[in-house]
$ cat input24.txt   # compact mmCIF, C-alpha atoms and all ligand atoms
# COMPACT_ATOMS: atom_id res chain seq x y z
CA MET A 1 0.00 0.00 0.00
CA LYS A 2 2.67 2.43 -1.12
CA ALA A 3 2.99 4.60 -4.25
CA THR A 4 4.79 7.67 -5.59
CA ALA A 5 3.32 10.26 -7.95
CA LYS A 6 4.61 13.40 -9.61
CA ALA A 7 2.42 16.43 -10.43
CA HIS A 8 3.28 19.77 -12.03
CA THR A 9 1.90 23.12 -11.04
CA ASN A 10 -0.34 25.09 -13.40
CA ILE A 11 -0.91 28.72 -14.28
CA ALA A 12 -4.47 29.93 -14.89
CA LEU A 13 -5.08 31.87 -18.11
CA ILE A 14 -8.78 32.22 -17.28
CA LYS A 15 -8.87 32.64 -13.52
CA TYR A 16 -10.83 30.96 -10.77
CA TRP A 17 -11.71 33.51 -8.10
CA GLY A 18 -14.70 32.72 -5.91
CA LYS A 19 -16.55 29.66 -4.70
CA ARG A 20 -20.20 28.73 -4.87
CA ASP A 21 -19.63 26.15 -2.11
CA ASP A 22 -16.79 26.67 0.38
CA SER A 23 -16.60 23.22 1.91
CA LEU A 24 -16.87 21.22 -1.34
CA ILE A 25 -14.64 23.76 -3.14
CA LEU A 26 -17.04 24.40 -6.01
CA PRO A 27 -16.08 27.38 -8.16
CA MET A 28 -18.32 30.17 -9.42
CA ASN A 29 -16.87 29.85 -12.93
CA ASN A 30 -14.97 27.55 -15.28
CA SER A 31 -11.23 28.28 -15.39
CA LEU A 32 -8.50 27.33 -17.84
CA SER A 33 -4.82 26.73 -17.20
CA LEU A 34 -1.51 25.62 -18.65
CA THR A 35 0.42 22.93 -16.78
CA LEU A 36 4.13 23.83 -16.44
CA ASP A 37 7.06 21.44 -16.58
CA GLY A 38 9.39 23.63 -14.52
CA PHE A 39 7.62 23.29 -11.17
CA TYR A 40 6.49 20.03 -9.62
CA THR A 41 6.00 17.97 -6.49
CA THR A 42 6.80 14.28 -5.99
CA THR A 43 4.91 12.56 -3.20
CA THR A 44 5.12 9.09 -1.71
CA VAL A 45 2.19 7.78 0.34
CA ALA A 46 2.39 4.58 2.40
CA PHE A 47 -0.61 3.32 4.41
CA ARG A 48 0.77 1.41 7.38
CA GLU A 49 -0.58 -0.61 10.34
CA GLU A 50 1.78 0.76 12.96
CA LEU A 51 0.91 4.47 12.51
CA SER A 52 -1.33 5.98 15.21
CA GLN A 53 -1.90 9.08 13.04
CA ASP A 54 -1.01 10.39 9.60
CA THR A 55 2.47 11.85 9.25
CA PHE A 56 3.58 14.43 6.70
CA PHE A 57 7.17 15.29 5.73
CA LEU A 58 7.80 18.17 3.33
CA ASN A 59 11.33 18.31 1.90
CA GLU A 60 12.30 15.79 4.63
CA GLN A 61 11.05 17.99 7.50
CA ALA A 62 8.10 16.85 9.65
CA VAL A 63 5.19 19.24 9.18
CA THR A 64 2.83 20.20 12.03
CA GLY A 65 0.12 22.85 12.55
CA SER A 66 -2.39 24.00 9.97
CA GLN A 67 -0.42 22.69 6.98
CA TYR A 68 -0.41 19.23 8.57
CA GLN A 69 -4.13 19.50 9.44
CA ARG A 70 -5.00 20.28 5.83
CA VAL A 71 -3.12 17.21 4.58
CA ALA A 72 -4.64 14.94 7.27
CA ALA A 73 -8.15 16.23 6.48
CA PHE A 74 -7.55 15.52 2.80
CA LEU A 75 -6.38 11.97 3.59
CA ASP A 76 -9.61 11.51 5.60
CA HIS A 77 -11.53 12.65 2.55
CA ILE A 78 -9.70 10.10 0.37
CA ARG A 79 -10.27 7.30 2.93
CA ASN A 80 -13.99 8.20 3.02
CA GLU A 81 -14.39 8.38 -0.75
CA THR A 82 -12.57 5.12 -1.46
CA ALA A 83 -13.70 3.13 1.62
CA VAL A 84 -10.76 0.73 1.27
CA THR A 85 -8.87 1.27 4.49
CA ASN A 86 -8.83 3.07 7.84
CA LEU A 87 -5.05 2.84 8.08
CA ASN A 88 -3.03 5.98 8.63
CA ALA A 89 -0.51 7.12 6.07
CA GLU A 90 3.06 8.31 6.01
CA VAL A 91 3.44 11.05 3.40
CA HIS A 92 6.75 12.30 2.01
CA SER A 93 6.64 15.25 -0.41
CA ILE A 94 9.50 16.93 -2.21
CA ASN A 95 8.59 20.30 -3.66
CA HIS A 96 10.40 21.41 -6.78
CA VAL A 97 8.46 24.66 -6.64
CA PRO A 98 10.79 27.34 -5.32
CA THR A 99 8.59 29.11 -2.76
CA ALA A 100 10.04 32.39 -3.97
CA ALA A 101 8.75 31.75 -7.50
CA GLY A 102 5.35 32.87 -6.32
CA PHE A 103 3.57 29.72 -7.33
CA ALA A 104 1.34 28.20 -4.75
CA SER A 105 2.80 24.73 -4.28
CA SER A 106 -0.70 23.63 -3.27
CA ALA A 107 -1.66 22.85 -6.89
CA SER A 108 1.13 20.35 -7.56
CA GLY A 109 1.17 19.30 -3.90
CA PHE A 110 -2.46 18.22 -3.60
CA ALA A 111 -2.50 16.68 -7.08
CA ALA A 112 0.56 14.52 -6.29
CA LEU A 113 -0.84 13.61 -2.86
CA ALA A 114 -4.21 12.52 -4.26
CA ALA A 115 -2.66 10.51 -7.09
CA ALA A 116 -0.13 8.74 -4.84
CA ALA A 117 -2.75 7.93 -2.18
CA ILE A 118 -5.27 6.53 -4.69
CA LYS A 119 -2.53 4.46 -6.35
CA ALA A 120 -1.32 3.18 -2.96
CA LEU A 121 -4.89 2.07 -2.21
CA ASP A 122 -4.98 0.33 -5.61
CA VAL A 123 -8.35 1.84 -6.49
CA PRO A 124 -8.93 1.99 -10.26
CA MET A 125 -10.00 5.54 -11.04
CA SER A 126 -10.63 7.72 -14.09
CA ASP A 127 -8.76 11.02 -14.42
CA GLU A 128 -12.11 12.75 -14.00
CA ASP A 129 -12.67 11.14 -10.63
CA LEU A 130 -9.10 11.77 -9.56
CA SER A 131 -9.51 15.44 -10.48
CA ARG A 132 -12.83 15.61 -8.60
CA ILE A 133 -11.19 14.21 -5.44
CA THR A 134 -8.13 16.48 -5.82
CA ARG A 135 -10.41 19.53 -6.04
CA GLN A 136 -11.28 19.10 -2.38
CA GLY A 137 -7.63 19.43 -1.39
CA SER A 138 -7.19 22.69 -3.28
CA GLY A 139 -9.33 24.04 -6.11
CA SER A 140 -6.61 24.88 -8.62
CA ALA A 141 -4.95 21.49 -7.92
CA CYS A 142 -7.72 19.67 -9.81
CA ARG A 143 -6.29 21.13 -13.04
CA SER A 144 -2.82 19.63 -12.38
CA ILE A 145 -4.08 16.08 -13.00
CA HIS A 146 -3.76 16.81 -16.71
CA GLY A 147 -0.93 18.13 -18.86
CA GLY A 148 -1.06 20.97 -21.38
CA PHE A 149 -4.10 23.24 -21.54
CA VAL A 150 -6.77 22.23 -19.04
CA GLU A 151 -10.29 23.44 -18.23
CA TRP A 152 -11.86 23.05 -14.80
CA VAL A 153 -15.56 22.64 -15.51
CA LYS A 154 -17.46 24.21 -12.62
CA GLY A 155 -20.41 21.83 -12.78
CA THR A 156 -23.93 22.58 -11.63
CA LYS A 157 -24.73 19.81 -9.14
CA THR A 158 -24.85 20.68 -5.44
CA ASP A 159 -22.81 17.59 -4.48
CA GLY A 160 -19.93 18.66 -6.76
CA SER A 161 -19.88 15.39 -8.68
CA ASP A 162 -19.69 17.20 -12.03
CA SER A 163 -16.95 19.68 -11.03
CA TYR A 164 -13.55 18.48 -12.31
CA ALA A 165 -10.87 19.28 -14.86
CA VAL A 166 -10.61 18.05 -18.46
CA GLN A 167 -7.74 18.35 -20.92
CA VAL A 168 -8.24 20.88 -23.71
CA GLN A 169 -4.97 20.24 -25.57
CA ALA A 170 -2.00 17.97 -24.74
CA ALA A 171 1.36 19.43 -23.71
CA ASP A 172 3.19 18.29 -26.85
CA GLN A 173 0.73 19.98 -29.22
CA TRP A 174 1.92 23.56 -28.81
CA ASP A 175 5.13 24.90 -27.29
CA VAL A 176 4.01 28.03 -25.44
CA ARG A 177 6.53 29.15 -22.80
CA VAL A 178 6.07 30.81 -19.43
CA ALA A 179 8.66 32.86 -17.57
CA ALA A 180 8.06 33.06 -13.82
CA VAL A 181 9.41 36.44 -12.75
CA VAL A 182 10.49 36.47 -9.12
CA LEU A 183 10.51 39.88 -7.47
CA THR A 184 12.79 40.88 -4.62
CA GLU A 185 10.08 42.46 -2.53
CA THR A 186 7.58 39.63 -2.18
CA ALA A 187 4.85 39.24 0.38
CA LYS A 188 4.35 35.91 2.08
CA LYS A 189 1.53 34.04 0.41
CA ILE A 190 -1.66 34.57 2.35
CA SER A 191 -4.41 32.02 1.92
CA SER A 192 -6.61 33.02 -0.97
CA ARG A 193 -9.70 31.57 0.73
CA GLU A 194 -10.75 34.56 2.82
CA ARG A 195 -9.90 37.05 0.08
CA MET A 196 -11.89 35.13 -2.51
CA LYS A 197 -14.87 35.11 -0.19
CA ARG A 198 -14.57 38.82 0.50
CA THR A 199 -14.38 39.61 -3.22
CA VAL A 200 -17.53 37.62 -4.01
CA ALA A 201 -19.39 39.15 -1.06
CA THR A 202 -18.41 42.80 -1.47
CA SER A 203 -17.01 43.71 -4.90
CA PRO A 204 -19.61 45.54 -7.01
CA PHE A 205 -17.61 44.36 -10.04
CA TYR A 206 -18.13 40.66 -9.28
CA PRO A 207 -21.26 40.30 -11.48
CA GLY A 208 -19.40 41.92 -14.40
CA TRP A 209 -16.46 39.54 -13.89
CA MET A 210 -18.85 36.58 -14.00
CA ASP A 211 -20.61 37.89 -17.11
CA SER A 212 -17.31 38.20 -18.99
CA ILE A 213 -16.07 34.63 -18.38
CA PRO A 214 -18.06 32.62 -20.98
CA HIS A 215 -16.85 34.83 -23.84
CA ASP A 216 -13.21 34.76 -22.62
CA LEU A 217 -13.36 30.97 -22.36
CA GLU A 218 -14.86 30.48 -25.78
CA GLN A 219 -12.33 32.81 -27.38
CA ILE A 220 -9.26 31.41 -25.62
CA LYS A 221 -10.25 27.84 -26.52
CA ASP A 222 -10.58 28.91 -30.15
CA GLY A 223 -7.11 30.51 -29.89
CA ILE A 224 -5.63 27.34 -28.39
CA GLU A 225 -7.20 25.17 -31.05
CA HIS A 226 -5.74 27.33 -33.83
CA HIS A 227 -2.42 28.02 -32.04
CA ASP A 228 -3.16 31.73 -32.25
CA PHE A 229 -0.72 33.08 -29.67
CA GLU A 230 -1.81 36.75 -29.91
CA LYS A 231 -5.36 35.72 -29.22
CA VAL A 232 -4.54 33.41 -26.31
CA GLY A 233 -2.09 35.88 -24.76
CA SER A 234 -4.29 38.95 -25.06
CA ILE A 235 -7.32 37.18 -23.59
CA ALA A 236 -5.23 35.79 -20.72
CA GLU A 237 -3.76 39.22 -19.92
CA ALA A 238 -7.14 40.95 -20.05
CA ASN A 239 -8.73 38.21 -17.93
CA CYS A 240 -6.02 38.63 -15.29
CA LEU A 241 -6.54 42.41 -15.22
CA LYS A 242 -10.29 41.94 -14.85
CA MET A 243 -9.77 39.57 -11.92
CA HIS A 244 -7.46 42.05 -10.17
CA ALA A 245 -9.87 44.93 -10.88
CA THR A 246 -12.66 42.87 -9.32
CA MET A 247 -10.46 42.23 -6.25
CA LEU A 248 -9.69 45.96 -5.97
CA GLY A 249 -13.41 46.59 -5.78
CA ALA A 250 -13.75 44.48 -2.62
CA ALA A 251 -14.23 46.09 0.80
CA PRO A 252 -11.59 46.26 2.17
CA PRO A 253 -9.77 46.05 -1.18
CA VAL A 254 -7.63 43.07 -2.11
CA MET A 255 -4.41 44.28 -3.73
CA TYR A 256 -1.53 41.97 -4.59
CA TRP A 257 0.76 44.16 -6.72
CA ASN A 258 3.86 46.06 -5.68
CA ASP A 259 5.98 48.58 -7.62
CA ALA A 260 8.04 45.90 -9.37
CA THR A 261 4.85 44.06 -10.40
CA VAL A 262 3.73 47.17 -12.27
CA ARG A 263 7.20 47.67 -13.80
CA VAL A 264 7.11 44.12 -15.21
CA MET A 265 3.59 44.66 -16.58
CA ARG A 266 4.73 47.87 -18.30
CA GLU A 267 7.86 46.24 -19.74
CA VAL A 268 5.76 43.40 -21.18
CA GLN A 269 3.51 45.98 -22.84
CA ALA A 270 6.59 47.89 -24.10
CA MET A 271 8.07 44.69 -25.57
CA ARG A 272 4.81 44.21 -27.45
CA GLU A 273 5.11 47.73 -28.84
CA ARG A 274 8.59 46.72 -30.05
CA GLY A 275 6.98 43.83 -31.93
CA VAL A 276 7.60 40.93 -29.54
CA PRO A 277 4.40 38.96 -28.85
CA VAL A 278 4.50 38.62 -25.06
CA PHE A 279 1.76 38.77 -22.40
CA PHE A 280 1.55 38.66 -18.61
CA THR A 281 -0.66 37.07 -16.01
CA ILE A 282 -0.65 37.47 -12.21
CA ASP A 283 -2.27 35.34 -9.51
CA ALA A 284 -2.84 35.94 -5.79
CA GLY A 285 0.60 37.47 -5.18
CA PRO A 286 2.94 40.14 -6.57
CA ASN A 287 4.95 37.93 -8.94
CA VAL A 288 4.29 37.98 -12.67
CA LYS A 289 4.24 35.14 -15.19
CA VAL A 290 5.06 36.04 -18.77
CA LEU A 291 3.80 34.07 -21.79
CA TYR A 292 5.99 34.02 -24.91
CA LEU A 293 6.96 31.81 -27.86
CA PRO A 294 10.22 29.77 -28.03
CA ASP A 295 11.83 31.98 -30.71
CA ASP A 296 11.64 35.02 -28.42
CA GLU A 297 13.07 33.29 -25.34
CA ALA A 298 16.46 35.05 -25.32
CA ILE A 299 14.98 38.55 -25.83
CA VAL A 300 12.28 38.05 -23.22
CA GLU A 301 14.61 36.59 -20.60
CA LYS A 302 17.11 39.42 -21.04
CA ALA A 303 14.48 42.17 -20.91
CA LEU A 304 12.89 40.73 -17.76
CA HIS A 305 16.25 40.45 -15.95
CA GLN A 306 16.92 44.16 -16.59
CA ILE A 307 13.82 45.38 -14.75
CA PRO A 308 14.66 46.87 -11.32
CA GLY A 309 13.27 44.65 -8.57
CA VAL A 310 13.49 41.42 -10.56
CA GLN A 311 15.44 38.82 -8.63
CA ASP A 312 15.12 35.77 -10.82
CA VAL A 313 13.44 34.48 -13.97
CA THR A 314 12.58 30.78 -14.32
CA LEU A 315 11.53 29.45 -17.71
CA SER A 316 9.00 26.68 -18.27
CA ARG A 317 7.53 24.65 -21.13
CA PRO A 318 4.12 23.00 -21.11
CA GLY A 319 4.15 20.13 -18.62
CA GLN A 320 2.62 16.66 -18.43
CA GLY A 321 -0.17 15.51 -16.15
CA ILE A 322 0.25 13.03 -13.31
CA THR A 323 2.97 10.41 -13.68
CA TYR A 324 3.79 7.54 -11.33
CA LEU A 325 7.36 6.79 -10.31
O1 LIG A 401 -6.88 27.02 -5.57
P1 LIG A 401 -6.41 28.23 -4.85
O2 LIG A 401 -7.13 28.43 -3.57
O3 LIG A 401 -4.89 28.27 -4.70
O4 LIG A 401 -6.79 29.54 -5.74
C1 LIG A 401 -6.18 29.87 -6.96
C2 LIG A 401 -6.56 31.24 -7.39
C3 LIG A 401 -5.75 31.83 -8.51
O5 LIG A 401 -4.43 31.30 -8.54
C4 LIG A 401 -5.63 33.35 -8.29
C5 LIG A 401 -6.42 31.65 -9.87
C6 LIG A 401 -6.39 30.24 -10.44
O6 LIG A 401 -7.33 29.91 -11.16
O7 LIG A 401 -5.41 29.49 -10.21
$ encode --input "input24.txt" --output "structure tokens"
Amino acid sequence: MKATAKAHTNIALIKYWGKRDDSLILPMNNSLSLTLDGFYTTTTVAFREELSQDTFFLNEQAVTGSQYQRVAAFLDHIRNETAVTNLNAEVHSINHVPTAAGFASSASGFAALAAAAIKALDVPMSDEDLSRITRQGSGSACRSIHGGFVEWVKGTKTDGSDSYAVQVQAADQWDVRVAAVVLTETAKKISSRERMKRTVATSPFYPGWMDSIPHDLEQIKDGIEHHDFEKVGSIAEANCLKMHATMLGAAPPVMYWNDATVRVMREVQAMRERGVPVFFTIDAGPNVKVLYLPDDEAIVEKALHQIPGVQDVTLSRPGQGITYL
């Protein structure tokens, strides 16, 4: 009853921001992401007789407190859903997601944990069901089950059974690159949960954000299908700006950017004016991710490094879905 799985993180091009059910983690809208090869988590889960409770080691350090509680609660969820065992588990995760890169490691972390646990229990499961289970560890993690471009379908059922991620296009179909721009002055990642809730409850722009999603989704999927980078990039950038505008409308406002964030955004727009097709997106933190095509890699990397306040730039290709080691 032991297995190891590897999952990559993902970056949303059409964002998820707001839940229709907090405990089941059901989103208000469909979202769409690209899985990235540069950042991943490998997790080994072993269910064992002699354990009196679950144990969780992250990068070989025992984890306690709220991070441990979240993992133990998720293992309970998996034990309930599969009804195979009541045994406790020993979990070892290695994160290849530099915390400074501004990616939440929760996406790759919960995807790898779910996949390894299900495999260890030897329960045959479709990717849809694996994604549905993963969703209850962390929403965005349900997209990391698949490689390439992925859509998390929000579903309409109250029990969440139709809310899971599906692949839109495999990783090897189109080589779109993402530069993760690490800024020197970064805030510690604060849980997005409370801020999401506050945005839904108080931002007068939330209904407008919701209304704009179906069109963005339809257009970006058309762009992906036809490998139209300008279309995909411009929709992703505009969708990100709309999400942040909606957050700014919350009371009190939710603002993630710092000065360097804005400098990177402006440099991306300036590169475009110089004829380089390049676009940005930003999640719940100050760091920026920049979308570009392979031919422009050298120019983009150099330009990003020259911006004051940029500490590091990590480049990624499209990544695969879950693999077992
Ligand atoms: O799944 P969470 O709670 O980490 O929320 C992710 C929210 C965003 O990263 C801002 C958008 C997204 O769709 O990933």
$ residues_around --input "input24.txt" --residues "Asn29 of chain A" --least-positions-apart "5" --cutoff "8 Å" --atoms "only C-alpha atoms" --output "list in words"
Tyr16, Trp17, Gly18, Val153, Lys154, Met210 and Ile213 of chain A
$ residues_near_ligand --input "input24.txt" --ligand "ligand LIG 401 (chain A)" --cutoff "8 Å" --atoms "only C-alpha atoms and all ligand atoms" --output "PDB file with C-alpha atoms, in the frame of the given file"
ATOM      1  CA  ASN A  10      -0.340  25.090 -13.400  1.00  0.00           C
ATOM      2  CA  ILE A  11      -0.910  28.720 -14.280  1.00  0.00           C
ATOM      3  CA  ALA A  12      -4.470  29.930 -14.890  1.00  0.00           C
ATOM      4  CA  LEU A  13      -5.080  31.870 -18.110  1.00  0.00           C
ATOM      5  CA  ILE A  14      -8.780  32.220 -17.280  1.00  0.00           C
ATOM      6  CA  LYS A  15      -8.870  32.640 -13.520  1.00  0.00           C
ATOM      7  CA  TYR A  16     -10.830  30.960 -10.770  1.00  0.00           C
ATOM      8  CA  TRP A  17     -11.710  33.510  -8.100  1.00  0.00           C
ATOM      9  CA  SER A  31     -11.230  28.280 -15.390  1.00  0.00           C
ATOM     10  CA  LEU A  32      -8.500  27.330 -17.840  1.00  0.00           C
ATOM     11  CA  SER A  33      -4.820  26.730 -17.200  1.00  0.00           C
ATOM     12  CA  ALA A 104       1.340  28.200  -4.750  1.00  0.00           C
ATOM     13  CA  SER A 106      -0.700  23.630  -3.270  1.00  0.00           C
ATOM     14  CA  ALA A 107      -1.660  22.850  -6.890  1.00  0.00           C
ATOM     15  CA  SER A 138      -7.190  22.690  -3.280  1.00  0.00           C
ATOM     16  CA  GLY A 139      -9.330  24.040  -6.110  1.00  0.00           C
ATOM     17  CA  SER A 140      -6.610  24.880  -8.620  1.00  0.00           C
ATOM     18  CA  ALA A 141      -4.950  21.490  -7.920  1.00  0.00           C
ATOM     19  CA  SER A 191      -4.410  32.020   1.920  1.00  0.00           C
ATOM     20  CA  SER A 192      -6.610  33.020  -0.970  1.00  0.00           C
ATOM     21  CA  ARG A 193      -9.700  31.570   0.730  1.00  0.00           C
ATOM     22  CA  ILE A 282      -0.650  37.470 -12.210  1.00  0.00           C
ATOM     23  CA  ASP A 283      -2.270  35.340  -9.510  1.00  0.00           C
ATOM     24  CA  ALA A 284      -2.840  35.940  -5.790  1.00  0.00           C
TER      25      ALA A 284
END
$ residues_around --input "input24.txt" --residues "Val97 of chain A" --least-positions-apart "5" --cutoff "7 Å" --atoms "all atoms listed in the file" --output "MDAnalysis selection string"
chainID A and resid 39:40 105
$ residues_around --input "input24.txt" --residues "Cys240 of chain A" --least-positions-apart "2" --cutoff "7 Å" --atoms "all atoms listed in the file" --output "PyMOL selection string"
chain A and resi 15+236-238+242-244+281-282
$ atom_distance --input "input24.txt" --atom1 "atom CA of Gln53 of chain A" --atom2 "atom CA of Lys2 of chain A"
16.3 Å
$ atom_distance --input "input24.txt" --atom1 "atom CA of Asn30 of chain A" --atom2 "atom CA of Ala171 of chain A"
20.1 Å
$ residues_around --input "input24.txt" --residues "Ala46 of chain A" --least-positions-apart "3" --cutoff "9 Å" --atoms "only C-alpha atoms" --output "JSON, numbers by chain"
{"A": [1, 2, 3, 4, 88, 89, 90, 91, 92, 116, 117, 120, 121]}
$ atom_distance --input "input24.txt" --atom1 "atom CA of Ser161 of chain A" --atom2 "atom CA of Thr43 of chain A"
25.5 Å
$ residues_around --input "input24.txt" --residues "segment 109-114 of chain A" --least-positions-apart "6" --cutoff "7 Å" --atoms "only C-alpha atoms" --output "number ranges by chain"
A: 5-7, 41-43, 134, 137-138, 141-142, 144-145
$ axis_aligned_box --input "input24.txt" --around "segment 132-140 of chain A" --padding-each-side "6 Å" --output "AutoDock Vina command-line options"
--center_x -9.7 --center_y 19.5 --center_z -5.0 --size_x 18.2 --size_y 22.7 --size_z 19.2
$ closest_residue --input "input24.txt" --among "A:Met247, A:Ala179, A:Met265, A:Ala260" --to "Glu297 of chain A" --atoms "only C-alpha atoms"
A:Ala179
$ closest_residue --input "input24.txt" --among "A:Arg79, A:Val45, A:Leu183, A:Trp152" --to "Phe57 of chain A" --atoms "all atoms listed in the file"
A:Val45
